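Dropping coords05.txt in here (compact mmCIF, C-alpha atoms):
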# COMPACT_ATOMS: atom_id res chain seq x y z
CA MET A 1 3.16 -28.21 21.42
CA ALA A 2 1.11 -25.16 22.40
CA GLN A 3 2.28 -21.81 21.15
CA LYS A 4 3.41 -19.21 23.65
CA GLN A 5 0.93 -16.44 24.37
CA PRO A 6 2.09 -13.15 22.85
CA LEU A 7 2.75 -10.20 25.08
CA ILE A 8 -0.08 -7.66 24.68
CA ILE A 9 1.07 -4.03 24.85
CA LYS A 10 -1.21 -1.00 24.60
CA ASP A 11 1.14 1.78 25.70
CA LYS A 12 3.49 3.46 23.23
CA THR A 13 6.36 3.82 25.70
CA GLN A 14 6.12 0.19 26.78
CA MET A 15 6.16 -0.91 23.14
CA ARG A 16 9.24 1.16 22.40
CA ASN A 17 10.96 -0.15 25.53
CA TRP A 18 10.25 -3.74 24.50
CA SER A 19 11.79 -3.16 21.08
CA ARG A 20 14.87 -1.53 22.54
CA SER A 21 15.26 -4.41 24.96
CA MET A 22 15.20 -6.84 22.03
CA ARG A 23 17.73 -4.77 20.15
CA SER A 24 20.03 -4.67 23.21
CA GLN A 25 20.07 -8.47 22.90
CA SER A 26 21.10 -8.17 19.22
CA LYS A 27 17.73 -9.49 18.05
CA LEU A 28 16.28 -8.40 14.71
CA ILE A 29 12.64 -7.27 14.87
CA ALA A 30 10.11 -7.94 12.11
CA PHE A 31 6.86 -5.99 12.16
CA VAL A 32 3.48 -6.73 10.58
CA PRO A 33 1.02 -3.82 10.88
CA THR A 34 -2.65 -4.79 10.61
CA MET A 35 -6.11 -3.39 11.33
CA GLY A 36 -7.21 -6.67 12.84
CA TYR A 37 -9.98 -9.11 11.92
CA LEU A 38 -7.17 -11.33 10.77
CA HIS A 39 -7.42 -13.89 7.99
CA GLN A 40 -5.00 -16.32 6.38
CA GLY A 41 -3.50 -13.51 4.30
CA HIS A 42 -2.37 -11.71 7.45
CA LEU A 43 -1.03 -14.94 8.91
CA SER A 44 1.03 -15.54 5.77
CA LEU A 45 2.72 -12.18 6.37
CA ILE A 46 3.72 -13.33 9.85
CA THR A 47 5.11 -16.56 8.44
CA GLU A 48 7.21 -14.47 6.05
CA ALA A 49 8.30 -12.17 8.87
CA HIS A 50 9.81 -15.13 10.74
CA LYS A 51 12.21 -15.67 7.83
CA HIS A 52 13.81 -12.26 8.33
CA ALA A 53 14.08 -11.69 12.09
CA ASN A 54 14.47 -13.20 15.53
CA VAL A 55 11.26 -11.76 16.99
CA VAL A 56 7.96 -10.70 15.42
CA ALA A 57 5.69 -7.83 16.44
CA VAL A 58 2.16 -7.39 15.12
CA SER A 59 0.02 -4.29 15.53
CA ILE A 60 -3.76 -4.38 15.62
CA TYR A 61 -5.12 -0.87 15.20
CA VAL A 62 -8.00 0.43 13.07
CA ASN A 63 -6.56 3.71 11.86
CA PRO A 64 -9.11 6.56 11.77
CA GLY A 65 -6.65 8.71 9.83
CA GLN A 66 -7.24 6.76 6.61
CA PHE A 67 -11.03 7.00 6.70
CA SER A 68 -13.05 10.01 5.65
CA PRO A 69 -16.14 10.73 7.80
CA ASN A 70 -18.46 9.16 5.19
CA GLU A 71 -16.53 5.87 4.95
CA ASP A 72 -16.92 2.61 6.86
CA LEU A 73 -14.77 3.19 9.98
CA SER A 74 -17.66 2.49 12.35
CA THR A 75 -18.52 -0.80 10.65
CA TYR A 76 -14.97 -2.08 10.12
CA PRO A 77 -15.00 -5.62 11.58
CA SER A 78 -13.20 -6.27 14.86
CA ASP A 79 -12.48 -9.38 16.96
CA PHE A 80 -9.38 -8.84 19.09
CA GLU A 81 -9.67 -12.03 21.15
CA GLY A 82 -10.27 -14.04 18.00
CA ASP A 83 -7.24 -12.40 16.40
CA VAL A 84 -5.00 -13.40 19.31
CA GLN A 85 -6.18 -17.00 18.95
CA LYS A 86 -5.41 -16.94 15.23
CA LEU A 87 -1.91 -15.65 15.94
CA LEU A 88 -1.34 -18.74 18.10
CA SER A 89 -1.92 -20.90 15.01
CA VAL A 90 1.08 -19.48 13.15
CA PRO A 91 4.23 -21.62 13.42
CA GLY A 92 6.52 -19.70 15.75
CA GLY A 93 3.65 -17.49 16.88
CA VAL A 94 4.28 -13.82 17.52
CA ASP A 95 6.22 -12.25 20.36
CA VAL A 96 4.22 -9.11 20.94
CA VAL A 97 0.89 -7.58 19.86
CA PHE A 98 0.74 -3.80 19.94
CA ASN A 99 -2.90 -2.77 20.39
CA PRO A 100 -3.04 0.95 21.18
CA LYS A 101 -6.34 2.61 21.96
CA ASP A 102 -5.74 5.82 19.99
CA LEU A 103 -2.54 6.98 18.32
CA TYR A 104 -3.90 10.48 17.73
CA ASP A 105 -5.20 11.40 21.21
CA TYR A 106 -2.67 13.61 22.98
CA GLY A 107 -4.99 14.61 25.78
CA GLU A 108 -5.55 18.02 24.18
CA SER A 109 -9.01 17.60 22.68
CA LYS A 110 -10.49 20.88 21.58
CA GLY A 111 -13.96 19.37 21.76
CA GLY A 112 -14.86 20.19 18.17
CA GLU A 113 -14.06 19.42 14.59
CA GLY A 114 -10.47 20.11 13.57
CA GLY A 115 -9.50 21.64 10.28
CA GLY A 116 -8.43 19.72 7.24
CA GLY A 117 -5.25 20.13 5.27
CA GLY A 118 -4.63 22.97 2.87
CA ASP A 119 -6.37 20.94 0.15
CA GLY A 120 -9.52 20.60 2.23
CA VAL A 121 -8.96 16.89 2.93
CA VAL A 122 -10.58 15.81 6.18
CA SER A 123 -10.32 12.41 7.88
CA CYS A 124 -12.05 11.00 10.95
CA VAL A 125 -9.09 12.27 12.99
CA GLU A 126 -9.77 15.91 12.09
CA LYS A 127 -13.47 15.29 12.57
CA SER A 128 -12.79 14.20 16.15
CA GLY A 129 -11.07 17.48 17.02
CA LEU A 130 -8.12 15.78 18.76
CA GLY A 131 -5.66 18.36 17.48
CA HIS A 132 -3.42 16.13 15.34
CA GLU A 133 -1.86 18.34 12.63
CA SER A 134 1.06 16.49 11.02
CA TRP A 135 0.57 14.33 7.93
CA ILE A 136 2.93 12.54 5.54
CA ARG A 137 2.20 12.75 1.81
CA VAL A 138 3.83 10.58 -0.85
CA GLU A 139 2.72 13.05 -3.45
CA LYS A 140 2.91 11.24 -6.79
CA LEU A 141 2.22 7.65 -5.82
CA GLU A 142 -0.85 8.55 -3.76
CA LYS A 143 -2.72 10.34 -6.53
CA GLY A 144 -4.01 7.61 -8.83
CA LEU A 145 -5.90 4.35 -8.35
CA CYS A 146 -7.40 4.29 -4.82
CA GLY A 147 -6.22 7.85 -4.22
CA ARG A 148 -8.72 9.27 -6.68
CA SER A 149 -11.81 8.09 -4.83
CA ARG A 150 -10.25 8.02 -1.34
CA PRO A 151 -8.32 11.30 -1.06
CA VAL A 152 -7.54 10.94 2.67
CA PHE A 153 -6.48 7.32 2.47
CA PHE A 154 -2.78 7.34 1.65
CA ARG A 155 -1.77 10.31 3.76
CA GLY A 156 -3.52 8.48 6.61
CA VAL A 157 -1.72 5.22 5.83
CA ALA A 158 1.70 6.85 5.44
CA THR A 159 1.25 8.82 8.65
CA VAL A 160 0.11 5.93 10.83
CA VAL A 161 2.79 3.60 9.45
CA ALA A 162 5.44 6.23 10.17
CA LYS A 163 4.06 6.57 13.71
CA LEU A 164 4.12 2.79 14.15
CA PHE A 165 7.66 2.58 12.77
CA ASN A 166 8.77 5.22 15.27
CA ILE A 167 7.13 3.33 18.13
CA VAL A 168 8.00 -0.28 17.22
CA GLU A 169 11.41 0.54 15.67
CA PRO A 170 11.55 -2.61 13.50
CA ASP A 171 14.34 -3.79 11.23
CA VAL A 172 11.92 -5.37 8.74
CA ALA A 173 8.27 -4.61 7.92
CA VAL A 174 6.05 -6.96 5.93
CA PHE A 175 3.07 -5.86 3.82
CA GLY A 176 0.70 -7.69 1.52
CA LYS A 177 0.69 -6.90 -2.19
CA LYS A 178 -3.10 -7.05 -2.39
CA ASP A 179 -2.89 -3.42 -1.29
CA TYR A 180 -0.37 -2.84 -4.07
CA GLN A 181 -0.45 0.95 -4.07
CA GLN A 182 -0.14 1.00 -0.29
CA TRP A 183 2.92 -1.26 -0.45
CA ARG A 184 4.59 1.03 -2.99
CA VAL A 185 3.66 4.17 -1.03
CA ILE A 186 5.27 2.74 2.12
CA GLN A 187 8.37 1.69 0.18
CA ARG A 188 8.74 5.21 -1.20
CA MET A 189 8.17 6.84 2.19
CA VAL A 190 10.82 4.62 3.77
CA ARG A 191 13.27 5.53 1.03
CA ASP A 192 12.55 9.25 1.04
CA LEU A 193 12.54 9.70 4.83
CA ASP A 194 15.57 7.45 5.44
CA PHE A 195 13.89 4.90 7.66
CA SER A 196 16.38 2.11 8.33
CA ILE A 197 13.75 -0.54 7.62
CA LYS A 198 13.55 -3.22 4.95
CA VAL A 199 10.05 -3.32 3.44
CA ILE A 200 8.96 -6.70 2.10
CA GLY A 201 5.92 -7.30 -0.11
CA CYS A 202 4.13 -10.67 -0.01
CA GLU A 203 2.00 -12.20 -2.73
CA ILE A 204 -1.79 -12.10 -2.48
CA THR A 205 -3.40 -14.90 -0.48
CA ARG A 206 -6.59 -16.16 -2.10
CA GLU A 207 -9.51 -18.34 -1.13
CA ASN A 208 -9.72 -21.70 -2.90
CA ASP A 209 -12.03 -20.16 -5.51
CA GLY A 210 -9.64 -17.29 -6.25
CA LEU A 211 -11.20 -14.44 -4.25
CA ALA A 212 -8.51 -12.28 -2.69
CA MET A 213 -8.69 -12.55 1.09
CA SER A 214 -9.93 -9.36 2.74
CA SER A 215 -11.41 -8.45 6.11
CA ARG A 216 -14.26 -6.80 4.18
CA ASN A 217 -15.31 -10.09 2.55
CA VAL A 218 -17.38 -10.80 5.67
CA HIS A 219 -19.81 -8.08 4.54
CA LEU A 220 -20.56 -9.82 1.21
CA SER A 221 -23.77 -11.77 0.83
CA CYS A 222 -23.45 -15.27 -0.66
CA GLU A 223 -24.67 -13.94 -4.01
CA GLU A 224 -22.33 -10.93 -3.94
CA ARG A 225 -19.40 -13.13 -3.03
CA GLU A 226 -20.07 -15.39 -6.00
CA LYS A 227 -20.28 -12.37 -8.32
CA ALA A 228 -17.05 -10.95 -6.87
CA LEU A 229 -15.14 -13.93 -8.27
CA SER A 230 -15.36 -12.08 -11.60
CA ILE A 231 -12.50 -9.82 -10.47
CA ASN A 232 -9.87 -12.53 -10.24
CA LYS A 233 -11.29 -14.44 -13.20
CA SER A 234 -11.12 -11.39 -15.46
CA LEU A 235 -7.63 -10.43 -14.27
CA THR A 236 -6.43 -13.97 -14.98
CA ARG A 237 -7.94 -13.79 -18.48
CA ALA A 238 -6.27 -10.42 -19.09
CA LYS A 239 -2.88 -11.73 -17.95
CA SER A 240 -3.22 -14.76 -20.21
CA ALA A 241 -4.17 -12.52 -23.15
CA ALA A 242 -1.12 -10.32 -22.52
CA GLU A 243 1.15 -13.35 -22.40
CA ASP A 244 -0.37 -14.44 -25.73
CA GLY A 245 0.58 -11.12 -27.32
CA GLN A 246 -2.25 -8.68 -26.54
CA VAL A 247 -0.28 -5.73 -25.17
CA GLN A 248 -2.79 -2.95 -25.87
CA CYS A 249 -3.95 -1.92 -22.44
CA GLU A 250 -7.27 -0.47 -23.57
CA LYS A 251 -8.40 -3.84 -24.90
CA LEU A 252 -7.29 -5.61 -21.72
CA ARG A 253 -9.08 -3.02 -19.59
CA ASN A 254 -12.27 -3.42 -21.59
CA LEU A 255 -12.12 -7.18 -21.11
CA VAL A 256 -11.94 -6.84 -17.32
CA ILE A 257 -14.50 -4.02 -17.07
CA GLN A 258 -17.01 -5.94 -19.17
CA CYS A 259 -16.57 -9.15 -17.18
CA ILE A 260 -17.05 -7.43 -13.82
CA ALA A 261 -20.00 -5.36 -15.08
CA ASP A 262 -21.68 -8.47 -16.50
CA ALA A 263 -21.39 -10.05 -13.05
CA GLY A 264 -23.15 -7.09 -11.47
CA GLY A 265 -20.13 -5.24 -10.14
CA ARG A 266 -19.64 -1.48 -10.23
CA ILE A 267 -16.15 -0.43 -11.29
CA ASP A 268 -14.27 2.19 -9.28
CA TYR A 269 -11.18 1.80 -11.45
CA ALA A 270 -9.42 -0.74 -13.66
CA GLU A 271 -5.95 0.46 -14.60
CA ILE A 272 -2.76 -1.04 -15.96
CA VAL A 273 0.20 0.80 -14.44
CA ASP A 274 3.95 0.57 -14.20
CA GLN A 275 4.92 -1.55 -11.20
CA GLN A 276 7.27 1.08 -9.77
CA SER A 277 5.86 4.49 -10.71
CA LEU A 278 2.19 3.39 -10.82
CA GLU A 279 1.77 5.56 -13.91
CA LYS A 280 -0.74 4.39 -16.51
CA VAL A 281 0.66 2.71 -19.61
CA GLU A 282 -0.93 2.24 -23.03
CA LEU A 283 1.25 -0.60 -24.31
CA ILE A 284 2.88 -3.26 -22.13
CA LYS A 285 6.62 -3.04 -22.76
CA SER A 286 7.89 -3.58 -19.19
CA PRO A 287 6.57 -5.04 -15.91
CA VAL A 288 3.08 -3.73 -15.12
CA VAL A 289 0.36 -4.44 -12.60
CA PHE A 290 -3.33 -4.54 -13.43
CA CYS A 291 -5.17 -2.97 -10.48
CA VAL A 292 -8.92 -3.14 -9.95
CA ALA A 293 -11.36 -1.74 -7.40
CA ALA A 294 -15.03 -2.64 -7.69
CA PHE A 295 -18.19 -2.58 -5.61
CA PHE A 296 -20.41 -5.57 -5.09
CA GLY A 297 -23.40 -4.32 -3.19
CA LYS A 298 -21.97 -1.81 -0.72
CA VAL A 299 -18.64 -3.62 -0.37
CA ARG A 300 -15.61 -2.18 -2.15
CA LEU A 301 -13.03 -4.82 -3.07
CA ILE A 302 -9.55 -4.38 -4.50
CA ASP A 303 -7.37 -6.86 -6.33
CA ASN A 304 -4.43 -6.84 -8.73
CA MET A 305 -2.25 -9.01 -10.88
CA GLU A 306 1.33 -8.42 -11.94
CA ILE A 307 2.14 -8.97 -15.60
CA ASN A 308 5.82 -9.57 -16.33
CA LEU A 309 6.45 -10.04 -20.04

For the structure just supplied, provide its representation as structure tokens.
Amino acid sequence: MAQKQPLIIKDKTQMRNWSRSMRSQSKLIAFVPTMGYLHQGHLSLITEAHKHANVVAVSIYVNPGQFSPNEDLSTYPSDFEGDVQKLLSVPGGVDVVFNPKDLYDYGESKGGEGGGGGDGVVSCVEKSGLGHESWIRVEKLEKGLCGRSRPVFFRGVATVVAKLFNIVEPDVAVFGKKDYQQWRVIQRMVRDLDFSIKVIGCEITRENDGLAMSSRNVHLSCEEREKALSINKSLTRAKSAAEDGQVQCEKLRNLVIQCIADAGGRIDYAEIVDQQSLEKVELIKSPVVFCVAAFFGKVRLIDNMEINL
């Protein structure tokens, strides 16, 4: 039986009105925020969302607030029509797709570059001069891992997710754990700002050969993609070594760094951190997550593996 076509909404007020109409019918709303160019990992989040609600909303919006001007916003892959077709393949489908044009344009463009925050951080939003001034910072969790090399990223993520939460007004929001730090940042923001939303993290979806699914994989050459398998292979080896008694993090880090470097990758970071605080640990005594970011060619990939001893 053919899936129903989702309702496509581009206007913030219409999206909010739809959600309130659902709530007036006592329906629980699950929300899956995405930047589009959907793959099986995204679709698995929607499958999970169906377990927790009566209706499912998906957003497709490439957020300029999490990109600095020298990052790959302009080349981020996009295929909206293809995404809608993929959503039809999910059992139960989705009820609504929120696809706003610009969540930062208030019709007050100053026609020039806006200022950054007090710390000098500037994103593509400030660069556009649209006048957006308010940002959410999850101050401790955003600092390490991806936050070191991408200083605008997590304030941009937290801000746009808060905006989407205020527009969609979901009961449940589902995120993938491939972006582990992002998932924890959103959890902490929801707790600290008293959003009445349950945040669910889903396990990483991988290709058959172990590569973590990512919209950026499309930019890998065949050779780079083969080399990128070293990330998951080395993380699996490190987890196995930890389970066999090697709990010194420096030795596990060296194992992963060497494996990725031998494959031709360039390490951004390889850190073993506490699963909740994301603080670095030296000896594994409690649940940790091994997080890696590495470049293959010009493509930056992230992956992680939880270690629960």

Legend entry - Neighbour list for range 245-251 of chain A as JSON, numbers by chain, cut-off 10 Å, only C-alpha atoms, skip fewer than 5 positions in-chain: {"A": [238, 239, 240, 256, 257, 271, 272, 273, 280, 281, 282, 283, 284, 285, 290, 309]}

Legend entry - Selected residue, from A:Leu43, A:Val125, A:Ile167, A:Ile9, that lies nearest to Lys101 in chain A when counting all atoms listed in the file: A:Ile9

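Comparing the minimum interatomic distances between Cys146 in chain A and each of A:Ile302, A:Asn63, A:Asn70, A:Lys10, counting all atoms listed in the file, we find that A:Ile302 sits nearest.
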
Within 9 Å of range 188-195 of chain A, counting only C-alpha atoms, which residues qualify if same-chain residues fewer than 5 places away don't, as a PDB file with C-alpha atoms, in the frame of the given file?
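What ended up in result.pdb:
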ATOM      1  CA  ILE A 136       2.930  12.540   5.540  1.00  0.00           C
ATOM      2  CA  ARG A 137       2.200  12.750   1.810  1.00  0.00           C
ATOM      3  CA  VAL A 138       3.830  10.580  -0.850  1.00  0.00           C
ATOM      4  CA  LEU A 141       2.220   7.650  -5.820  1.00  0.00           C
ATOM      5  CA  ALA A 158       1.700   6.850   5.440  1.00  0.00           C
ATOM      6  CA  ALA A 162       5.440   6.230  10.170  1.00  0.00           C
ATOM      7  CA  PHE A 165       7.660   2.580  12.770  1.00  0.00           C
ATOM      8  CA  TRP A 183       2.920  -1.260  -0.450  1.00  0.00           C
TER       9      TRP A 183
END

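Taking CA of Gly147 in chain A and CA of Val172 in chain A as the two end points, the separation is 25.9 Å.
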
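For the choices A:Pro64, A:Gly82, A:Gly36, A:Gly93, the atom-to-atom distance to Glu48 in chain A is smallest for A:Gly93 when using only C-alpha atoms.
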
Legend entry - Atom-to-atom span, CA of Val55 in chain A and CA of Phe98 in chain A, Å: 13.5 Å

Inset, instruction - Find the residues around Asn232 in chain A up to 9 Å (all atoms listed in the file counted), leave out those fewer than 2 positions away in its own chain, and share them as a ChimeraX atom specification. - result: /A:210-212,228-230,234-237,303-305

How about saving the chosen residues, C-alpha atoms kept, as a PDB file, keeping the file's coordinate frame?
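Produced file selection38.pdb, reproduced below:
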ATOM      1  CA  GLY A 210      -9.640 -17.290  -6.250  1.00  0.00           C
ATOM      2  CA  LEU A 211     -11.200 -14.440  -4.250  1.00  0.00           C
ATOM      3  CA  ALA A 212      -8.510 -12.280  -2.690  1.00  0.00           C
ATOM      4  CA  ALA A 228     -17.050 -10.950  -6.870  1.00  0.00           C
ATOM      5  CA  LEU A 229     -15.140 -13.930  -8.270  1.00  0.00           C
ATOM      6  CA  SER A 230     -15.360 -12.080 -11.600  1.00  0.00           C
ATOM      7  CA  SER A 234     -11.120 -11.390 -15.460  1.00  0.00           C
ATOM      8  CA  LEU A 235      -7.630 -10.430 -14.270  1.00  0.00           C
ATOM      9  CA  THR A 236      -6.430 -13.970 -14.980  1.00  0.00           C
ATOM     10  CA  ARG A 237      -7.940 -13.790 -18.480  1.00  0.00           C
ATOM     11  CA  ASP A 303      -7.370  -6.860  -6.330  1.00  0.00           C
ATOM     12  CA  ASN A 304      -4.430  -6.840  -8.730  1.00  0.00           C
ATOM     13  CA  MET A 305      -2.250  -9.010 -10.880  1.00  0.00           C
TER      14      MET A 305
END

Legend entry - Residue neighbourhood Ser286 in chain A, 9 Å, all atoms listed in the file, exclusion window fewer than 4 positions, as number ranges by chain: A: 274-275, 307-309

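Taking CA of Pro151 in chain A as the reference point, CA of Asn99 in chain A is found at 26.2 Å.
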
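By chain and then residue number, the residues within 9 Å of Ser44 in chain A are A:His39, A:Gln40, A:Gly41, A:His42, A:Ile46, A:Thr47, A:Glu48, A:Ala49, A:Val90, A:Gly176, A:Cys202, A:Thr205, counting only C-alpha atoms and disregarding those fewer than 2 positions away in sequence.
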